[in-house]
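Input: a single structure, listed below in structure tokens.
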Amino acid sequence: MNVDTVERAAKTPDDEQPHRELGLEDDEYARIRDILGRRPTTAELAMYSVMWSEHCSYKSSKVHLRRFGDLPESASLLVGIGENAGVVDVGDGYAVTFKVESHNHPSYVEPYQGAATGVGGIVRDILTMGARPVAVMDSLRFGPADAPDTARVLPGVVAGVGGYGNCLGLPNIGGEVLFDACYAGNPLVNALCVGVMKHEDVRLAKAEGVGNKVVLFGARTGGDGIGGVSVLASETFDSAADGQRGPAKRPSVQVGDPFTEKLLIEACLEIFAQGLVTGIQDLGGAGLSCATSELASAGTGGMHVDLDAVPLRDSTLTPAEILMSESQERMCAIVEPDKVDAFLAVCHRWEVLATVIGEVTDGDRLTVDWHGERIVDVPPRTVAHEGPVYERPTRRPADLDDLQADDPAALPRPRTPEELQAHWLAVLASPDGADKTWVTEQYDRYVRGNTVLAQPEDAGMVRIDEESNRGIALALDGNGRYTRLDPYTGAQLNLAEAYRNVAVSGARPLAVTNCLNFGSPENPEVMWQFAEAVRGLADGCRALGLPVTGGNVSLYNQTGDVAIDPTPVIGVLGVHEDVRRRVPTGWRTAGETVLLLGETKPEFGGSAWASVVHGHLGGRPPAVDLDAERELAELLAALGREGLVGSAHDLADGGLAQALAESALRYGVGARLNLPGEAFTALFSESTARVVVTTSDPTAVRTTAQWAGVAVTELGTTGGDALVVEGVAELPLAELRAAWTATLPALFGTPEATVGSVPAGTVPTS
Amino acid sequence: MRIGVTTFPGSLDDVDAVRAVRLAGGEPVALWHGDHDLEDVDAVVLPGGFSYGDYLRAGAIAARAPLVQDIVTRARQGLPVLGICNGFQVLCEAGLLPGALTRNAHLHFRTRDQALRIERADSAWTRDYEAGQRIVVPVKNGEGRYVAAPADLDRIEAEGRVVVRYVEGNPNGSMRDIAGVTSADGRVVGLMPHPEHAVEELTGPSTDGLGFFTSVLEQVVSA
Amino acid sequence: MPRVVVDVVLKPEISDPQGQAVLGALGRLGHDSVRGVRQGKHFVLDVEGTPDEAELTQIAETLLANPVIEDVELHLPKG
Amino acid sequence: MPRVVVDVVLKPEISDPQGQAVLGALGRLGHDSVRGVRQGKHFVLDVEGTPDEAELTQIAETLLANPVIEDVELHLPKG
Ligand SMILES: Nc1ncnc2c1ncn2[C@@H]1O[C@H](COP(=O)(O)OP(=O)(O)O)[C@@H](O)[C@H]1O
Ligand SMILES: [Mg+2]
């Protein structure tokens, strides 16, 4: 096969190249020619096109994300934004790395594999930092629960998240499953992974040291994920020679192999422990193009790669395709020459294929050879870091004034106890409010034996040290309704909720990650939403004193021209010094006093009540009060430390109504309660900075709360097998439970619903 | 007491089994799948996970590993062996235990805290329980449905080889609610539920699982 | 390279929830003429040289299928 | 009742970790003559009346297989 070489490119400057088909604008293409002083080779064009894509270059979002970098320095931040994942000091010499990433589009095309490979990708990001991955979470959004396409997508996504995570032996400790018409045709699958290491074990993605070897290890390279750019396959110049013309078939779907990834994890951890790498990078989007150019540009020298050495699954791949392939379960390491044998030996022991494909060079070029000819010769920074940056125009959505003016205060409210009760059950039984066991029981939460809290708790919590009982807590939240009504406030509300969820467990919030799911950046209204959300999140983090350690941006989430509601999913990490004192959400004992912490105002904009009962979205979201959140968090930490509360549950979607029901149903302990003020507002308002706690020492809680400046309202006493709200409702727990648990199984629970949800390839199930 | 815990490529709950052995007072010994060396252990635990990805059939590929062949030989001579979940699947595939584990009837992976009844309190791994005792331990699997031909089931029942049974709901459609079985001599036990996940208040639904690991210690002492 | 196909099916006395689920889904979609479905596995083996029937039978019966619950059908290339 | 067989196989360009694992196991067991393994699904349908090829093709391609990554082979009874 005769391919396009650097030499040839220099000689044929006027050859037409399909840059537009590859997603490069004319001026971007011109810049590449400028950088190289000639036209790019086909392989170079492939590299630039994937690396300068929105997904890899953050070209539309970069100017906004800078706000996160401008946050005040945090003492606990060991590695900040820019690496594969940020690293946070959690005390006792432990460091934690965590990040959330999207796999939205692939999960729509092939739900099982899309979701599975989403989990696989984020786990590798965490692994590259030197950490042992210890848990995963998933935040999911689907179209209407009863839509036929949701029945196609949801079972596969859930099976995929479970199939991959379970097989890796990572407990799933929490997440979200929410439904809204805006996600029909564009579901969101955001996966989070968290890993733990000692401070000295942190690894960075850098190619240092001239003469060091570049080792590619893990799965063989196939044609995965390059279906969309098969235009390049036809670019091989001489088709006459082998008689083949036209692009070969390349799958746009990547198939995950969690078994190989598990071996990759164990091999990597052994390699780290033996000190065998100087730099390491996972292969995710843009595959080898990304890994080699990022490693090289983060280092001090250049890099040379011999593409013939790359083990292939499909021998018909062209060099450009090899560079772009997104085959899963691959990693790239920089290894000193005298450690290569030991490195390969560890891989061999774990049955992981490992191959030296190149070395670190002096000079500042990334060069790639194929069949003895030079096909890439570029300055790596121009590929990895100096891609285009856009200041895209922004415009406040034209409909926003009308939307905000459409105040839910005007909606008919329940008048009688019967109506209140009916609305309560409706919210509780709605797909968003309903019990998520049908989903979460498909995930293993026990493996590794350190899970202290998992779903349905407000936060997930894992022990990281069996001697000291130190642990970490995590929560993920992303309410798209609030953000649609006001992206600045909405992003802060999501942050506040995740923060509060971590705080109720008794942990101290430490750091933030985020996955920003938005529509097309080319639409100024979407870009405005994005800019506002980032500004809100950055301001919120500043107010709470938390660093943003990293994240992910997913744009172009839309069906036709209609964008999804802006959905920034926010993850908050906290540390708990002694997980034996964690605070669970459910009521366990009768006779405890039920207290509401925080203040309730009539706030129904974007509420679950308005959505479920009236199909309404309008008005303004609840007000954010980050000072109040901070005070509340400090109070919760103190209460947990002193052992003053038996349970604590945060109030969010569905307000007090939802929180009371969930607390009671957790262990089947009811309560007899009196609501303060007007029952409707008390039950369904979504005012923030509120938590329900139970205690056997209400006086002590009141005293501590007073000192912390948090309002306390006594609601009643736990006990019995009903939720009795004087003058409002008497709900037997059996009835509540029936309503709460029936929804998802009725929609997705029949065996028939599984038909076709798991493809023929990977079906690990034990 | 040296209790071996095997690790195959894809084993996951080996860390949990090691912890359970330790909490029970035994000395855990890591056994690597490729070795032909049982290191003079007094008993062996095959933990849960997805050995070889559980590709083909759960446990099928691991059952052909060199180490398992050794375990089979030694088990036939009386070495106590406990297979949990994937370990149970391996023992059935290796022919040490009767029956087979197949795709759950509801076709999903399912995790839940499961009530069980101890049917046999005289196997090497259940002596610290009482017959008829109810315990709660996690169950989590996608291929946990115990099946055998009806005649074989009758024989297994008649020989008293059902060690644990699901009660208060069958999580996977196992025939006759069978959760675990034993070899004829009561020294090899396999079960789908995970006693090693119920050994600490903090992380399990109970500490009911510890008995499996303490039982074998006594067994070994008295043997 | 010669291609050998091995089909593995559950023994008739072992219940097949996957097949049942497919049958249920077909019924809901109105495909009433399908009265029974069984789901098994289908292996395609590329074999070098002339396939050795005895060896392949052994592979099929002892590794690809679990004889406790499954039956196999071996399809050697014709000719 | 006429019996229709549908084999669902992964498209050749899609990776098949399951088949790879079987191939690895065969190698370890000394069956070196097997050079490639792909694993798929095998459905046996009992159909009442004369099988309607168009209907069965539709069933195979839309329900039994995921056309994004899988191909189907329909085997109608001979005759
Ligand atoms: N929304 C965001 N907030 C903060 N950091 C972000 C965000 N999106 C991306 N980043 C950071 O930008 C860097 C590049 O992201 P990405 O290309 O997704 O990394 P990777 O290729 O390792 O997955 C990472 O350090 C990531 O944490
Ligand atoms: Mg990365």
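Each chain in the structure tokens gets a letter, A, B and so on, in the order shown; residues start at 1 in every chain, and ligands are counted from 1 in the order they appear.
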Inset, instruction - Check which residues fall inside 8 Å of ligand 1 when counting only C-alpha atoms and all ligand atoms, and print them as number ranges by chain. - result: A: 55-58, 65, 68, 80-86, 99, 101, 121-122, 125, 282, 284-285, 290, 513-516, 534, 548-553
Legend entry - Who sits within 12 Å of Ile135 of chain B, only C-alpha atoms, same chain under 5 positions skipped, as an MDAnalysis selection string: chainID B and resid 113:119 126 129:130 164:168 193:195 198 205:212
Once chain C is superposed on chain D with a least-squares fit on all C-alpha pairs taken in order, can you show it as a CSV table (one decimal) with N, CA, C and O atoms, in the first residue's frame?
chain,number,residue,atom,x,y,z
C,1,MET,N,-44.3,-29.0,14.0
C,1,MET,CA,-44.3,-27.6,13.6
C,1,MET,C,-43.0,-27.2,12.9
C,1,MET,O,-42.0,-27.6,13.4
C,2,PRO,N,-43.1,-26.4,11.9
C,2,PRO,CA,-41.9,-26.0,11.2
C,2,PRO,C,-40.9,-25.3,12.1
C,2,PRO,O,-41.4,-24.5,13.0
C,3,ARG,N,-39.7,-25.5,11.9
C,3,ARG,CA,-38.6,-25.0,12.8
C,3,ARG,C,-37.8,-24.0,12.0
C,3,ARG,O,-37.2,-24.4,10.9
C,4,VAL,N,-37.6,-22.8,12.4
C,4,VAL,CA,-36.8,-21.9,11.8
C,4,VAL,C,-35.6,-21.5,12.6
C,4,VAL,O,-35.8,-21.3,13.8
C,5,VAL,N,-34.5,-21.5,12.1
C,5,VAL,CA,-33.3,-21.2,12.8
C,5,VAL,C,-32.7,-19.8,12.4
C,5,VAL,O,-32.6,-19.5,11.2
C,6,VAL,N,-32.4,-19.0,13.4
C,6,VAL,CA,-31.8,-17.7,13.1
C,6,VAL,C,-30.5,-17.7,13.9
C,6,VAL,O,-30.4,-17.8,15.1
C,7,ASP,N,-29.4,-17.5,13.1
C,7,ASP,CA,-28.1,-17.3,13.8
C,7,ASP,C,-27.8,-15.8,13.7
C,7,ASP,O,-27.9,-15.2,12.7
C,8,VAL,N,-27.3,-15.3,14.8
C,8,VAL,CA,-27.0,-13.9,14.9
C,8,VAL,C,-25.5,-13.8,15.2
C,8,VAL,O,-25.0,-14.4,16.2
C,9,VAL,N,-24.7,-13.1,14.4
C,9,VAL,CA,-23.3,-13.0,14.6
C,9,VAL,C,-22.9,-11.5,14.6
C,9,VAL,O,-23.5,-10.7,14.0
C,10,LEU,N,-21.9,-11.2,15.4
C,10,LEU,CA,-21.4,-9.8,15.4
C,10,LEU,C,-20.8,-9.5,14.0
C,10,LEU,O,-20.2,-10.3,13.4
C,11,LYS,N,-21.0,-8.2,13.6
C,11,LYS,CA,-20.4,-7.8,12.4
C,11,LYS,C,-18.9,-8.0,12.5
C,11,LYS,O,-18.3,-7.8,13.6
C,12,PRO,N,-18.2,-8.2,11.4
C,12,PRO,CA,-16.8,-8.5,11.5
C,12,PRO,C,-16.0,-7.4,12.1
C,12,PRO,O,-15.0,-7.6,12.8
C,13,GLU,N,-16.4,-6.1,12.0
C,13,GLU,CA,-15.6,-5.0,12.5
C,13,GLU,C,-15.8,-4.8,14.0
C,13,GLU,O,-15.2,-4.0,14.6
C,14,ILE,N,-16.8,-5.5,14.6
C,14,ILE,CA,-17.0,-5.3,16.0
C,14,ILE,C,-16.2,-6.4,16.8
C,14,ILE,O,-16.3,-7.6,16.4
C,15,SER,N,-15.5,-6.0,17.8
C,15,SER,CA,-14.6,-7.0,18.4
C,15,SER,C,-15.5,-7.9,19.3
C,15,SER,O,-16.5,-7.5,19.8
C,16,ASP,N,-15.0,-9.1,19.5
C,16,ASP,CA,-15.8,-10.1,20.1
C,16,ASP,C,-15.0,-10.8,21.3
C,16,ASP,O,-14.3,-11.7,21.1
C,17,PRO,N,-15.1,-10.1,22.5
C,17,PRO,CA,-14.3,-10.6,23.6
C,17,PRO,C,-14.7,-12.1,24.0
C,17,PRO,O,-13.8,-12.8,24.5
C,18,GLN,N,-15.9,-12.4,23.8
C,18,GLN,CA,-16.3,-13.8,24.2
C,18,GLN,C,-15.6,-14.8,23.3
C,18,GLN,O,-15.1,-15.8,23.7
C,19,GLY,N,-15.6,-14.5,22.0
C,19,GLY,CA,-14.9,-15.4,21.1
C,19,GLY,C,-13.4,-15.5,21.4
C,19,GLY,O,-12.8,-16.5,21.4
C,20,GLN,N,-12.9,-14.3,21.7
C,20,GLN,CA,-11.4,-14.2,22.1
C,20,GLN,C,-11.1,-15.1,23.3
C,20,GLN,O,-10.1,-15.8,23.3
C,21,ALA,N,-12.0,-15.0,24.3
C,21,ALA,CA,-11.8,-15.8,25.5
C,21,ALA,C,-11.8,-17.3,25.2
C,21,ALA,O,-11.0,-18.1,25.7
C,22,VAL,N,-12.8,-17.7,24.3
C,22,VAL,CA,-12.8,-19.1,23.9
C,22,VAL,C,-11.5,-19.5,23.2
C,22,VAL,O,-10.9,-20.6,23.5
C,23,LEU,N,-11.1,-18.6,22.3
C,23,LEU,CA,-9.8,-18.9,21.6
C,23,LEU,C,-8.7,-19.1,22.6
C,23,LEU,O,-7.9,-20.0,22.4
C,24,GLY,N,-8.6,-18.2,23.5
C,24,GLY,CA,-7.6,-18.2,24.5
C,24,GLY,C,-7.6,-19.5,25.3
C,24,GLY,O,-6.6,-20.2,25.5
C,25,ALA,N,-8.8,-19.9,25.7
C,25,ALA,CA,-8.9,-21.2,26.5
C,25,ALA,C,-8.5,-22.4,25.6
C,25,ALA,O,-7.9,-23.3,26.1
C,26,LEU,N,-8.9,-22.4,24.3
C,26,LEU,CA,-8.5,-23.5,23.4
C,26,LEU,C,-7.0,-23.5,23.3
C,26,LEU,O,-6.4,-24.6,23.3
C,27,GLY,N,-6.4,-22.4,23.2
C,27,GLY,CA,-4.9,-22.4,23.0
C,27,GLY,C,-4.3,-23.0,24.3
C,27,GLY,O,-3.4,-23.8,24.1
C,28,ARG,N,-4.8,-22.6,25.4
C,28,ARG,CA,-4.2,-23.2,26.7
C,28,ARG,C,-4.4,-24.7,26.8
C,28,ARG,O,-3.6,-25.4,27.4
C,29,LEU,N,-5.5,-25.2,26.2
C,29,LEU,CA,-5.7,-26.6,26.2
C,29,LEU,C,-5.0,-27.3,25.1
C,29,LEU,O,-5.2,-28.6,25.0
C,30,GLY,N,-4.3,-26.6,24.3
C,30,GLY,CA,-3.5,-27.3,23.3
C,30,GLY,C,-4.2,-27.5,22.0
C,30,GLY,O,-3.7,-28.2,21.1
C,31,HIS,N,-5.4,-26.9,21.8
C,31,HIS,CA,-6.1,-27.1,20.5
C,31,HIS,C,-5.6,-26.0,19.6
C,31,HIS,O,-6.3,-25.0,19.3
C,32,ASP,N,-4.4,-26.1,19.0
C,32,ASP,CA,-3.8,-25.1,18.3
C,32,ASP,C,-4.4,-24.9,16.9
C,32,ASP,O,-4.2,-23.9,16.2
C,33,SER,N,-5.1,-25.9,16.4
C,33,SER,CA,-5.6,-25.9,15.0
C,33,SER,C,-6.7,-24.8,14.9
C,33,SER,O,-7.0,-24.4,13.8
C,34,VAL,N,-7.3,-24.5,16.0
C,34,VAL,CA,-8.4,-23.5,15.9
C,34,VAL,C,-7.7,-22.1,16.0
C,34,VAL,O,-7.0,-21.8,16.9
C,35,ARG,N,-7.9,-21.4,14.9
C,35,ARG,CA,-7.2,-20.1,14.7
C,35,ARG,C,-8.1,-18.9,15.0
C,35,ARG,O,-7.7,-17.8,15.2
C,36,GLY,N,-9.4,-19.1,15.0
C,36,GLY,CA,-10.3,-18.0,15.2
C,36,GLY,C,-11.6,-18.5,15.8
C,36,GLY,O,-12.0,-19.6,15.4
C,37,VAL,N,-12.2,-17.7,16.7
C,37,VAL,CA,-13.5,-18.1,17.2
C,37,VAL,C,-14.4,-16.8,17.3
C,37,VAL,O,-13.9,-15.7,17.7
C,38,ARG,N,-15.6,-16.9,16.8
C,38,ARG,CA,-16.6,-15.8,17.0
C,38,ARG,C,-17.8,-16.4,17.7
C,38,ARG,O,-18.2,-17.5,17.3
C,39,GLN,N,-18.3,-15.7,18.7
C,39,GLN,CA,-19.5,-16.2,19.4
C,39,GLN,C,-20.7,-15.4,19.0
C,39,GLN,O,-20.7,-14.2,19.1
C,40,GLY,N,-21.8,-16.1,18.7
C,40,GLY,CA,-23.0,-15.4,18.4
C,40,GLY,C,-24.2,-16.1,19.1
C,40,GLY,O,-24.0,-16.9,20.0
C,41,LYS,N,-25.4,-15.8,18.6
C,41,LYS,CA,-26.6,-16.4,19.2
C,41,LYS,C,-27.3,-17.3,18.2
C,41,LYS,O,-27.2,-17.1,17.0
C,42,HIS,N,-28.0,-18.2,18.8
C,42,HIS,CA,-28.7,-19.2,17.9
C,42,HIS,C,-30.1,-19.3,18.4
C,42,HIS,O,-30.3,-19.7,19.6
C,43,PHE,N,-31.0,-19.0,17.6
C,43,PHE,CA,-32.4,-19.0,18.0
C,43,PHE,C,-33.1,-20.2,17.2
C,43,PHE,O,-32.9,-20.3,16.0
C,44,VAL,N,-33.9,-20.9,17.9
C,44,VAL,CA,-34.8,-21.9,17.2
C,44,VAL,C,-36.2,-21.5,17.4
C,44,VAL,O,-36.7,-21.4,18.6
C,45,LEU,N,-36.9,-21.2,16.3
C,45,LEU,CA,-38.3,-20.8,16.4
C,45,LEU,C,-39.2,-21.9,15.9
C,45,LEU,O,-39.0,-22.4,14.8
C,46,ASP,N,-40.2,-22.1,16.7
C,46,ASP,CA,-41.3,-23.0,16.2
C,46,ASP,C,-42.4,-22.2,15.6
C,46,ASP,O,-42.9,-21.3,16.3
C,47,VAL,N,-42.7,-22.4,14.3
C,47,VAL,CA,-43.6,-21.5,13.6
C,47,VAL,C,-44.8,-22.3,13.2
C,47,VAL,O,-44.7,-23.4,12.7
C,48,GLU,N,-46.0,-21.7,13.4
C,48,GLU,CA,-47.2,-22.4,13.0
C,48,GLU,C,-47.5,-22.1,11.5
C,48,GLU,O,-47.3,-20.9,11.1
C,49,GLY,N,-47.9,-23.1,10.8
C,49,GLY,CA,-48.3,-22.9,9.4
C,49,GLY,C,-47.0,-22.7,8.6
C,49,GLY,O,-45.9,-23.0,9.0
C,50,THR,N,-47.2,-22.3,7.4
C,50,THR,CA,-46.0,-22.1,6.5
C,50,THR,C,-45.3,-20.9,6.9
C,50,THR,O,-45.9,-19.8,7.0
C,51,PRO,N,-44.0,-21.0,7.2
C,51,PRO,CA,-43.2,-19.8,7.6
C,51,PRO,C,-43.3,-18.7,6.5
C,51,PRO,O,-43.1,-19.0,5.4
C,52,ASP,N,-43.5,-17.5,7.0
C,52,ASP,CA,-43.6,-16.4,6.1
C,52,ASP,C,-42.2,-15.7,6.1
C,52,ASP,O,-41.8,-15.1,7.1
C,53,GLU,N,-41.5,-15.9,5.0
C,53,GLU,CA,-40.1,-15.5,5.0
C,53,GLU,C,-40.0,-14.0,5.2
C,53,GLU,O,-39.1,-13.6,6.0
C,54,ALA,N,-40.9,-13.2,4.7
C,54,ALA,CA,-40.7,-11.8,4.9
C,54,ALA,C,-40.9,-11.4,6.4
C,54,ALA,O,-40.1,-10.6,6.9
C,55,GLU,N,-41.9,-12.0,7.0
C,55,GLU,CA,-42.1,-11.7,8.4
C,55,GLU,C,-40.9,-12.1,9.2
C,55,GLU,O,-40.5,-11.4,10.1
C,56,LEU,N,-40.4,-13.3,8.9
C,56,LEU,CA,-39.3,-13.9,9.7
C,56,LEU,C,-38.1,-13.1,9.5
C,56,LEU,O,-37.3,-12.9,10.5
C,57,THR,N,-37.9,-12.6,8.3
C,57,THR,CA,-36.7,-11.8,8.1
C,57,THR,C,-36.8,-10.5,8.9
C,57,THR,O,-35.8,-10.1,9.5
C,58,GLN,N,-38.0,-10.0,8.9
C,58,GLN,CA,-38.2,-8.7,9.7
C,58,GLN,C,-37.9,-9.0,11.2
C,58,GLN,O,-37.2,-8.2,11.9
C,59,ILE,N,-38.4,-10.1,11.7
C,59,ILE,CA,-38.2,-10.5,13.1
C,59,ILE,C,-36.7,-10.6,13.4
C,59,ILE,O,-36.2,-10.1,14.3
C,60,ALA,N,-36.1,-11.3,12.5
C,60,ALA,CA,-34.6,-11.6,12.7
C,60,ALA,C,-33.8,-10.3,12.6
C,60,ALA,O,-33.0,-10.1,13.5
C,61,GLU,N,-34.1,-9.5,11.7
C,61,GLU,CA,-33.3,-8.3,11.5
C,61,GLU,C,-33.6,-7.1,12.4
C,61,GLU,O,-32.7,-6.3,12.7
C,62,THR,N,-34.8,-7.1,13.0
C,62,THR,CA,-35.1,-6.0,13.8
C,62,THR,C,-35.3,-6.3,15.3
C,62,THR,O,-35.0,-5.5,16.1
C,63,LEU,N,-35.6,-7.6,15.6
C,63,LEU,CA,-35.7,-7.9,17.0
C,63,LEU,C,-34.6,-8.8,17.5
C,63,LEU,O,-33.9,-8.5,18.4
C,64,LEU,N,-34.4,-9.9,16.8
C,64,LEU,CA,-33.4,-10.8,17.2
C,64,LEU,C,-31.9,-10.3,17.1
C,64,LEU,O,-31.1,-10.7,17.9
C,65,ALA,N,-31.7,-9.4,16.2
C,65,ALA,CA,-30.4,-8.8,16.0
C,65,ALA,C,-30.5,-7.3,16.1
C,65,ALA,O,-31.5,-6.7,15.9
C,66,ASN,N,-29.4,-6.7,16.6
C,66,ASN,CA,-29.3,-5.3,16.6
C,66,ASN,C,-28.5,-4.9,15.3
C,66,ASN,O,-27.3,-5.2,15.3
C,67,PRO,N,-29.1,-4.3,14.3
C,67,PRO,CA,-28.5,-4.1,13.1
C,67,PRO,C,-27.2,-3.2,13.2
C,67,PRO,O,-26.4,-3.1,12.2
C,68,VAL,N,-27.1,-2.5,14.3
C,68,VAL,CA,-26.0,-1.6,14.4
C,68,VAL,C,-24.7,-2.4,14.5
C,68,VAL,O,-23.6,-2.0,14.1
C,69,ILE,N,-24.8,-3.6,15.1
C,69,ILE,CA,-23.6,-4.4,15.4
C,69,ILE,C,-23.7,-5.8,14.9
C,69,ILE,O,-22.7,-6.5,15.0
C,70,GLU,N,-24.8,-6.3,14.6
C,70,GLU,CA,-25.0,-7.7,14.3
C,70,GLU,C,-25.5,-8.0,12.9
C,70,GLU,O,-26.3,-7.2,12.3
C,71,ASP,N,-25.1,-9.2,12.3
C,71,ASP,CA,-25.7,-9.7,11.1
C,71,ASP,C,-26.5,-10.9,11.4
C,71,ASP,O,-26.3,-11.6,12.4
C,72,VAL,N,-27.5,-11.2,10.6
C,72,VAL,CA,-28.3,-12.4,10.8
C,72,VAL,C,-28.2,-13.4,9.6
C,72,VAL,O,-28.0,-13.0,8.5
C,73,GLU,N,-28.4,-14.6,10.0
C,73,GLU,CA,-28.6,-15.7,8.9
C,73,GLU,C,-29.9,-16.4,9.3
C,73,GLU,O,-30.1,-16.9,10.4
C,74,LEU,N,-30.8,-16.4,8.3
C,74,LEU,CA,-32.1,-17.1,8.5
C,74,LEU,C,-32.1,-18.4,7.8
C,74,LEU,O,-31.7,-18.5,6.7
C,75,HIS,N,-32.5,-19.5,8.5
C,75,HIS,CA,-32.5,-20.8,7.9
C,75,HIS,C,-33.9,-21.3,8.0
C,75,HIS,O,-34.4,-21.7,9.0
C,76,LEU,N,-34.6,-21.3,6.8
C,76,LEU,CA,-36.0,-21.8,6.8
C,76,LEU,C,-35.9,-23.3,6.6
C,76,LEU,O,-34.9,-23.8,6.0
C,77,PRO,N,-36.9,-24.0,7.0
C,77,PRO,CA,-36.9,-25.5,6.8
C,77,PRO,C,-36.9,-25.7,5.3
C,77,PRO,O,-37.5,-25.0,4.6
C,78,LYS,N,-36.2,-26.8,5.0
C,78,LYS,CA,-36.1,-27.1,3.6
C,78,LYS,C,-37.4,-27.7,3.1
C,78,LYS,O,-38.1,-28.3,3.8
C,79,GLY,N,-37.7,-27.4,1.8
C,79,GLY,CA,-38.8,-28.1,1.2
C,79,GLY,C,-40.0,-27.2,0.9
C,79,GLY,O,-40.4,-26.4,1.6
Inset, instruction - Find the spatial neighbours of Val310 of chain A, counting only C-alpha atoms, within a cut-off of 10 Å - ignore same-chain residues fewer than 2 positions away - and output them as JSON, numbers by chain. - result: {"A": [215, 216, 217, 220, 221, 288, 305, 306, 307, 308, 312, 313, 322, 323, 354, 355, 356, 357, 358]}
Legend entry - At most 9 Å to chain C: residues in chain B, only C-alpha atoms, as a list in words: Leu56, Arg57, Ala60, Ile61, Arg64, Glu93, Pro98, Gly99, Ala100, Arg103, Asn104, Ala105, His106, Leu107, Val147, Ala148, Ala149 and Pro150 of chain B
Would you save the residues from that selection as a tab-separated table (two decimals), in the first residue's frame, using N, CA and C atoms?
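Here's the written file selection.tsv:
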chain	number	residue	atom	x	y	z
B	56	LEU	N	-18.18	-17.18	27.49
B	56	LEU	CA	-18.60	-18.55	27.23
B	56	LEU	C	-19.70	-18.94	28.20
B	57	ARG	N	-19.35	-19.38	29.39
B	57	ARG	CA	-20.31	-19.59	30.48
B	57	ARG	C	-19.58	-19.20	31.76
B	60	ALA	N	-16.68	-21.33	33.31
B	60	ALA	CA	-16.29	-22.43	32.42
B	60	ALA	C	-14.80	-22.44	32.12
B	61	ILE	N	-14.25	-21.27	31.86
B	61	ILE	CA	-12.85	-21.24	31.46
B	61	ILE	C	-11.94	-21.45	32.67
B	64	ARG	N	-11.03	-24.92	33.90
B	64	ARG	CA	-10.00	-25.69	33.20
B	64	ARG	C	-8.59	-25.21	33.54
B	93	GLU	N	-18.80	-26.37	37.09
B	93	GLU	CA	-18.19	-26.61	35.78
B	93	GLU	C	-17.09	-27.66	35.87
B	98	PRO	N	-22.77	-30.97	41.89
B	98	PRO	CA	-23.79	-31.29	40.89
B	98	PRO	C	-24.53	-30.03	40.41
B	99	GLY	N	-25.14	-30.14	39.24
B	99	GLY	CA	-25.99	-29.06	38.75
B	99	GLY	C	-25.23	-28.02	37.96
B	100	ALA	N	-25.93	-26.95	37.61
B	100	ALA	CA	-25.33	-25.87	36.82
B	100	ALA	C	-26.02	-24.57	37.17
B	103	ARG	N	-28.48	-18.38	33.41
B	103	ARG	CA	-29.01	-17.02	33.38
B	103	ARG	C	-30.23	-16.88	34.30
B	104	ASN	N	-30.24	-15.84	35.12
B	104	ASN	CA	-31.37	-15.59	36.01
B	104	ASN	C	-32.69	-15.57	35.24
B	105	ALA	N	-33.73	-16.06	35.87
B	105	ALA	CA	-35.01	-16.15	35.18
B	105	ALA	C	-35.51	-14.79	34.71
B	106	HIS	N	-35.23	-13.74	35.48
B	106	HIS	CA	-35.68	-12.40	35.08
B	106	HIS	C	-34.70	-11.73	34.13
B	107	LEU	N	-33.61	-12.41	33.83
B	107	LEU	CA	-32.63	-11.97	32.83
B	107	LEU	C	-31.82	-10.74	33.22
B	147	VAL	N	-29.85	-25.01	38.31
B	147	VAL	CA	-30.69	-25.98	37.61
B	147	VAL	C	-30.01	-27.34	37.58
B	148	ALA	N	-30.84	-28.36	37.50
B	148	ALA	CA	-30.37	-29.73	37.25
B	148	ALA	C	-31.60	-30.48	36.75
B	149	ALA	N	-31.36	-31.62	36.15
B	149	ALA	CA	-32.50	-32.42	35.69
B	149	ALA	C	-33.31	-32.84	36.91
B	150	PRO	N	-34.63	-32.93	36.76
B	150	PRO	CA	-35.49	-33.22	37.92
B	150	PRO	C	-35.03	-34.45	38.71
Inset, instruction - Using only C-alpha atoms, determine which residues of chain B fall within 10 Å of chain A; present them as JSON, numbers by chain. - result: {"B": [8, 9, 10, 11, 12, 13, 14, 15, 16, 17, 19, 20, 34, 48, 49, 50, 51, 52, 53, 54, 55, 56, 57, 58, 59, 85, 86, 89, 101, 102, 103, 104, 105, 106, 107, 108, 109, 110, 111, 112, 138, 139, 140, 141, 142, 143, 144, 192, 194, 196, 197, 198, 199, 200, 201, 202, 203, 204, 205]}
